[in-house]
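For reference, target_36.txt (compact mmCIF, C-alpha atoms):
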```txt
# COMPACT_ATOMS: atom_id res chain seq x y z
CA MET S 290 48.99 19.14 -49.88
CA PRO S 291 50.14 15.48 -49.77
CA ARG S 292 47.36 12.94 -49.39
CA ALA S 293 48.92 11.34 -46.29
CA PHE S 294 49.24 14.71 -44.55
CA PHE S 295 45.58 15.50 -45.36
CA PHE S 296 44.44 12.11 -43.95
CA TRP S 297 46.31 12.47 -40.68
CA GLY S 298 45.10 16.04 -40.38
CA ILE S 299 41.49 14.83 -40.50
CA MET S 300 42.22 12.08 -37.94
CA ALA S 301 43.85 14.61 -35.63
CA ASP S 302 40.70 16.74 -35.69
CA LYS S 303 38.47 13.83 -34.58
CA PRO S 304 38.00 13.55 -30.80
CA GLY S 305 39.61 10.62 -29.04
CA PHE S 306 37.85 7.79 -27.23
CA PRO S 307 38.24 9.28 -23.70
CA GLU S 308 37.11 12.71 -24.86
CA ILE S 309 34.02 11.52 -26.72
CA LEU S 310 32.85 9.54 -23.67
CA SER S 311 33.72 12.17 -21.10
CA PHE S 312 31.20 14.12 -19.03
CA SER S 313 32.41 17.40 -20.51
CA PRO S 314 30.21 19.62 -22.73
CA THR S 315 31.76 17.99 -25.81
CA GLY S 316 31.45 14.42 -24.53
CA TYR S 317 28.50 12.05 -24.48
CA GLY S 318 29.28 10.25 -21.22
CA ASP S 319 26.61 12.06 -19.21
CA GLU S 320 23.95 11.44 -21.89
CA LEU S 321 24.74 7.73 -22.01
CA ALA S 322 24.86 7.44 -18.21
CA TRP S 323 21.50 9.18 -17.84
CA ALA S 324 19.96 7.05 -20.60
CA ALA S 325 21.32 3.88 -18.95
CA ALA S 326 19.78 4.95 -15.63
CA ILE S 327 16.44 5.49 -17.37
CA SER S 328 16.62 2.06 -19.02
CA ILE S 329 17.40 0.35 -15.71
CA SER S 330 14.61 2.28 -13.94
CA ILE S 331 12.09 1.23 -16.59
CA ALA S 332 13.30 -2.36 -16.36
CA ILE S 333 12.98 -2.46 -12.55
CA LEU S 334 9.48 -1.00 -12.49
CA ALA S 335 8.28 -3.10 -15.44
CA TYR S 336 9.72 -6.22 -13.82
CA ALA S 337 7.95 -5.43 -10.55
CA LEU S 338 4.67 -4.82 -12.38
CA GLY S 339 5.09 -8.02 -14.35
CA LEU S 340 5.82 -9.93 -11.14
CA LEU S 341 2.64 -8.59 -9.54
CA ILE S 342 0.61 -9.55 -12.61
CA GLY S 343 2.34 -12.93 -12.65
CA ILE S 344 1.44 -13.73 -9.05
CA ILE S 345 -2.20 -12.82 -9.60
CA GLY S 346 -2.25 -14.65 -12.94
CA ALA S 347 -0.64 -17.81 -11.57
CA LEU S 348 -3.03 -18.01 -8.63
CA GLY S 349 -5.95 -17.26 -10.94
CA LYS S 350 -4.93 -20.00 -13.36
CA LEU S 351 -4.57 -22.56 -10.59
CA GLY S 352 -7.49 -21.67 -8.36
CA GLY S 353 -9.73 -19.23 -10.20
CA SER S 354 -13.11 -19.78 -11.78
CA GLU S 355 -13.44 -21.32 -15.22
CA LEU S 356 -13.99 -17.88 -16.78
CA THR S 357 -10.92 -16.48 -15.00
CA GLN S 358 -8.78 -19.36 -16.22
CA LYS S 359 -9.95 -18.88 -19.80
CA VAL S 360 -9.25 -15.13 -19.72
CA LEU S 361 -5.78 -15.68 -18.27
CA HIS S 362 -5.06 -18.45 -20.76
CA GLY S 363 -6.00 -16.12 -23.61
CA TYR S 364 -3.82 -13.36 -22.16
CA THR S 365 -0.70 -15.50 -21.78
CA THR S 366 -1.19 -17.19 -25.16
CA LEU S 367 -1.67 -13.91 -27.03
CA VAL S 368 1.30 -12.13 -25.44
CA ARG S 369 3.65 -15.08 -25.94
CA ALA S 370 2.53 -15.60 -29.53
CA VAL S 371 2.87 -12.00 -30.80
CA PRO S 372 6.38 -10.47 -31.12
CA GLU S 373 7.19 -7.94 -28.41
CA LEU S 374 7.87 -5.18 -30.94
CA ILE S 375 4.36 -5.48 -32.36
CA LEU S 376 2.85 -5.56 -28.87
CA ILE S 377 4.78 -2.45 -27.86
CA LEU S 378 3.62 -0.57 -30.95
CA LEU S 379 0.02 -1.68 -30.46
CA LEU S 380 -0.13 -0.96 -26.74
CA PHE S 381 1.79 2.31 -26.96
CA TYR S 382 -0.19 3.89 -29.79
CA ALA S 383 -3.52 2.03 -29.76
CA GLY S 384 -3.61 2.08 -25.95
CA THR S 385 -3.10 5.84 -25.86
CA SER S 386 -5.73 6.41 -28.56
CA GLY S 387 -8.20 4.11 -26.82
CA LEU S 388 -7.73 5.84 -23.46
CA ASN S 389 -8.27 9.27 -25.00
CA ALA S 390 -11.35 8.00 -26.82
CA LEU S 391 -12.81 6.81 -23.51
CA LEU S 392 -11.99 10.14 -21.90
CA ALA S 393 -13.67 11.97 -24.76
CA GLU S 394 -16.79 9.84 -24.38
CA ALA S 395 -16.85 10.66 -20.68
CA GLY S 396 -16.52 14.39 -21.43
CA PHE S 397 -12.89 14.80 -20.34
CA GLU S 398 -10.03 16.31 -22.29
CA SER S 399 -7.47 14.08 -23.96
CA ILE S 400 -4.17 13.55 -22.17
CA THR S 401 -0.60 12.93 -23.24
CA ILE S 402 0.79 9.86 -21.54
CA ASN S 403 4.31 10.17 -20.20
CA GLY S 404 6.70 8.01 -22.22
CA PHE S 405 8.35 6.64 -19.08
CA ILE S 406 5.04 5.52 -17.57
CA ALA S 407 3.86 4.11 -20.89
CA GLY S 408 7.10 2.14 -21.28
CA VAL S 409 6.78 0.66 -17.80
CA CYS S 410 3.14 -0.32 -18.37
CA VAL S 411 3.75 -1.84 -21.79
CA LEU S 412 6.78 -3.88 -20.76
CA GLY S 413 5.13 -4.82 -17.46
CA PHE S 414 2.06 -6.09 -19.34
CA VAL S 415 4.27 -8.25 -21.55
CA GLN S 416 6.36 -9.47 -18.60
CA GLY S 417 3.20 -10.41 -16.73
CA ALA S 418 2.32 -13.13 -19.21
CA TYR S 419 5.70 -14.81 -18.92
CA SER S 420 5.80 -14.37 -15.14
CA THR S 421 2.39 -16.01 -14.89
CA GLU S 422 3.64 -19.20 -16.51
CA VAL S 423 6.94 -19.25 -14.60
CA LEU S 424 5.21 -18.81 -11.24
CA ARG S 425 2.43 -21.25 -12.11
CA ALA S 426 5.01 -23.94 -12.85
CA ALA S 427 6.88 -23.10 -9.64
CA ILE S 428 3.73 -23.42 -7.54
CA GLN S 429 2.86 -26.73 -9.18
CA ALA S 430 6.35 -28.01 -8.31
CA ILE S 431 5.64 -27.67 -4.57
CA PRO S 432 4.95 -31.07 -2.97
CA ILE S 433 1.20 -31.30 -2.61
CA GLY S 434 1.54 -32.55 0.96
CA GLN S 435 2.72 -29.12 2.11
CA ILE S 436 -0.38 -27.45 0.67
CA GLU S 437 -2.67 -30.07 2.16
CA ALA S 438 -1.03 -29.68 5.58
CA ALA S 439 -1.59 -25.91 5.46
CA ARG S 440 -5.23 -26.45 4.63
CA ALA S 441 -5.55 -29.01 7.42
CA TYR S 442 -4.26 -26.42 9.89
CA GLY S 443 -7.06 -24.11 8.75
CA MET S 444 -4.85 -21.45 7.21
CA SER S 445 -6.59 -18.78 5.18
CA PRO S 446 -5.63 -18.58 1.46
CA PHE S 447 -3.53 -15.46 2.10
CA LEU S 448 -1.73 -16.98 5.09
CA GLN S 449 -1.19 -20.20 3.17
CA PHE S 450 0.37 -18.27 0.29
CA ARG S 451 2.60 -16.15 2.57
CA ARG S 452 3.86 -18.92 4.85
CA ILE S 453 3.85 -22.00 2.64
CA THR S 454 3.42 -21.33 -1.09
CA LEU S 455 5.69 -18.30 -1.48
CA PRO S 456 8.73 -19.63 0.42
CA ALA S 457 8.43 -23.08 -1.15
CA MET S 458 8.09 -21.88 -4.73
CA LEU S 459 10.98 -19.41 -4.66
CA SER S 460 13.68 -22.01 -5.24
CA PHE S 461 11.80 -23.21 -8.33
CA ALA S 462 10.92 -19.75 -9.62
CA ILE S 463 14.19 -17.82 -9.23
CA PRO S 464 16.02 -19.26 -12.30
CA GLY S 465 13.08 -18.44 -14.56
CA MET S 466 12.54 -15.03 -13.00
CA ALA S 467 16.23 -14.25 -13.44
CA ASN S 468 15.86 -14.94 -17.15
CA LEU S 469 12.82 -12.67 -17.32
CA TRP S 470 14.79 -9.87 -15.66
CA LEU S 471 17.51 -10.13 -18.31
CA ILE S 472 14.83 -10.17 -21.01
CA VAL S 473 13.19 -6.98 -19.73
CA THR S 474 16.53 -5.16 -19.47
CA LYS S 475 17.08 -5.85 -23.17
CA GLY S 476 13.41 -5.21 -23.93
CA THR S 477 13.80 -1.56 -22.91
CA ALA S 478 15.73 -1.09 -26.16
CA LEU S 479 12.50 -1.70 -28.09
CA LEU S 480 11.10 1.55 -26.70
CA ALA S 481 13.43 3.35 -29.10
CA VAL S 482 11.00 2.56 -31.93
CA VAL S 483 8.35 4.75 -30.30
CA GLY S 484 10.80 7.61 -29.88
CA TYR S 485 11.43 7.37 -26.15
CA THR S 486 15.03 8.21 -25.27
CA GLU S 487 16.58 5.32 -23.40
CA LEU S 488 20.05 3.82 -23.80
CA THR S 489 19.62 2.47 -27.32
CA LEU S 490 18.11 5.64 -28.77
CA ALA S 491 20.65 7.84 -26.96
CA THR S 492 23.42 5.67 -28.40
CA LYS S 493 21.98 5.95 -31.89
CA GLN S 494 21.75 9.73 -31.62
CA ALA S 495 25.30 10.08 -30.30
CA ALA S 496 26.67 7.77 -32.99
CA GLY S 497 24.80 9.69 -35.68
CA ASN S 498 26.14 13.02 -34.46
CA THR S 499 29.76 11.88 -34.35
CA LYS S 500 29.70 9.18 -37.06
CA MET S 501 31.49 6.92 -34.55
CA TYR S 502 28.97 4.09 -34.78
CA PHE S 503 31.30 1.27 -33.80
CA THR S 504 32.55 3.09 -30.71
CA PHE S 505 29.15 3.98 -29.29
CA TYR S 506 27.47 0.65 -30.00
CA ILE S 507 30.38 -1.19 -28.38
CA VAL S 508 29.97 1.03 -25.30
CA ALA S 509 26.21 0.39 -25.20
CA GLY S 510 26.81 -3.35 -25.52
CA ALA S 511 29.35 -3.17 -22.68
CA ILE S 512 26.79 -1.40 -20.47
CA TYR S 513 24.18 -4.10 -21.11
CA LEU S 514 26.83 -6.75 -20.44
CA CYS S 515 27.75 -5.15 -17.11
CA VAL S 516 24.08 -5.09 -16.09
CA THR S 517 23.81 -8.78 -17.01
CA LEU S 518 26.92 -9.79 -15.05
CA LEU S 519 25.83 -7.86 -11.95
CA SER S 520 22.33 -9.32 -12.24
CA GLU S 521 23.72 -12.84 -12.43
CA GLN S 522 25.68 -12.25 -9.25
CA GLY S 523 22.62 -10.87 -7.48
CA PHE S 524 20.26 -13.66 -8.50
CA GLY S 525 22.97 -16.25 -7.77
CA TRP S 526 23.26 -14.91 -4.22
CA LEU S 527 19.48 -14.89 -3.84
CA GLU S 528 19.16 -18.46 -5.09
CA ARG S 529 21.88 -19.71 -2.73
CA ARG S 530 20.16 -17.97 0.16
CA VAL S 531 16.75 -19.44 -0.71
CA ARG S 532 18.21 -22.93 -1.15
CA ARG S 533 19.99 -22.97 2.21
CA GLY S 534 19.43 -26.30 3.90
CA GLN S 535 18.30 -28.02 0.71
CA ARG S 536 20.27 -30.97 -0.58
CA ALA S 537 22.15 -30.11 -3.75
CA LEU S 538 21.87 -32.34 -6.80
CA THR S 539 25.06 -34.24 -7.65
```
Re-express the file's structure as structure tokens.
Amino acid sequence: MPRAFFFWGIMADKPGFPEILSFSPTGYGDELAWAAAISISIAILAYALGLLIGIIGALGKLGGSELTQKVLHGYTTLVRAVPELILILLLFYAGTSGLNALLAEAGFESITINGFIAGVCVLGFVQGAYSTEVLRAAIQAIPIGQIEAARAYGMSPFLQFRRITLPAMLSFAIPGMANLWLIVTKGTALLAVVGYTELTLATKQAAGNTKMYFTFYIVAGAIYLCVTLLSEQGFGWLERRVRRGQRALT
């Protein structure tokens, strides 16, 4: 058999680009779509958890006791100093082992933590440290006269935060929080190292099965890019809405 005929025969047997990414039984489109949905779900929940931690951490750093400030300073310094991959490995494995050890001491049976929940908690814990610093800086950027006026009116701390601090700090916080959202969407890929099937691990498995590495990694990159572009549009709209009535810098 001529060598050229043999080569083209092999190429003809390989599935095409549309077929390999289809939602048919022989395609991987449904697997990638489901994995992308999981990645985005983890990112949204981890971002929300990190935002909640960040609000508490920022207020604690600015108005908490000396002990609270030291604990929060240690938390933000440690998380920002250690690479995320190491933190994920430590929190995922050591955290699970530590929890089961506590349960054993209390006389309960050990549990297996759901990978989805563990991923959200780990990424949310990491996000919380960065959110704390972003929100702390945003609060400090508020003109002090607004805070003093709220106190002079006798507002409670909660009412002061809801009516004065939160609306005033949003315009300063949104750019930084937008960056943190993009970071957590990419950070979901790190969960592949602990064996949880999200977009990156699903892409790796599909590429390994078909040996079409370039094709699948380009598709995964395009999915992340689409998420980024849509996120930029969303945060851009939110920032314009928050800044309504403010004088733009020229």
### Query
Using only C-alpha atoms, which residues sit within 12 Å of Tyr336 in chain S once same-chain residues fewer than 4 positions away are excluded, as a PyMOL selection string?
chain S and resi 328-332+340-343+408-420+466-477
### Test item: which residues lie within 12 Å of (-0.6, -18.7, 2.0) counting only C-alpha atoms, as an MDAnalysis selection string
chainID S and resid 348 428 435:440 442:458
### Query
How many Å lie between CA of Leu356 in chain S and CA of Thr421 in chain S, rounded to one decimal?
16.6 Å
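For the set S:Leu380, S:Ala491, S:Ile333, S:Leu391, the residue with the smallest atom-to-atom gap to Leu321 in chain S is S:Ala491, counting all atoms listed in the file.
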### Query
Which is closer to Gln429 in chain S than all the others in S:Pro464, S:Leu351, S:Ser313, S:Thr357, using all atoms listed in the file?
S:Leu351
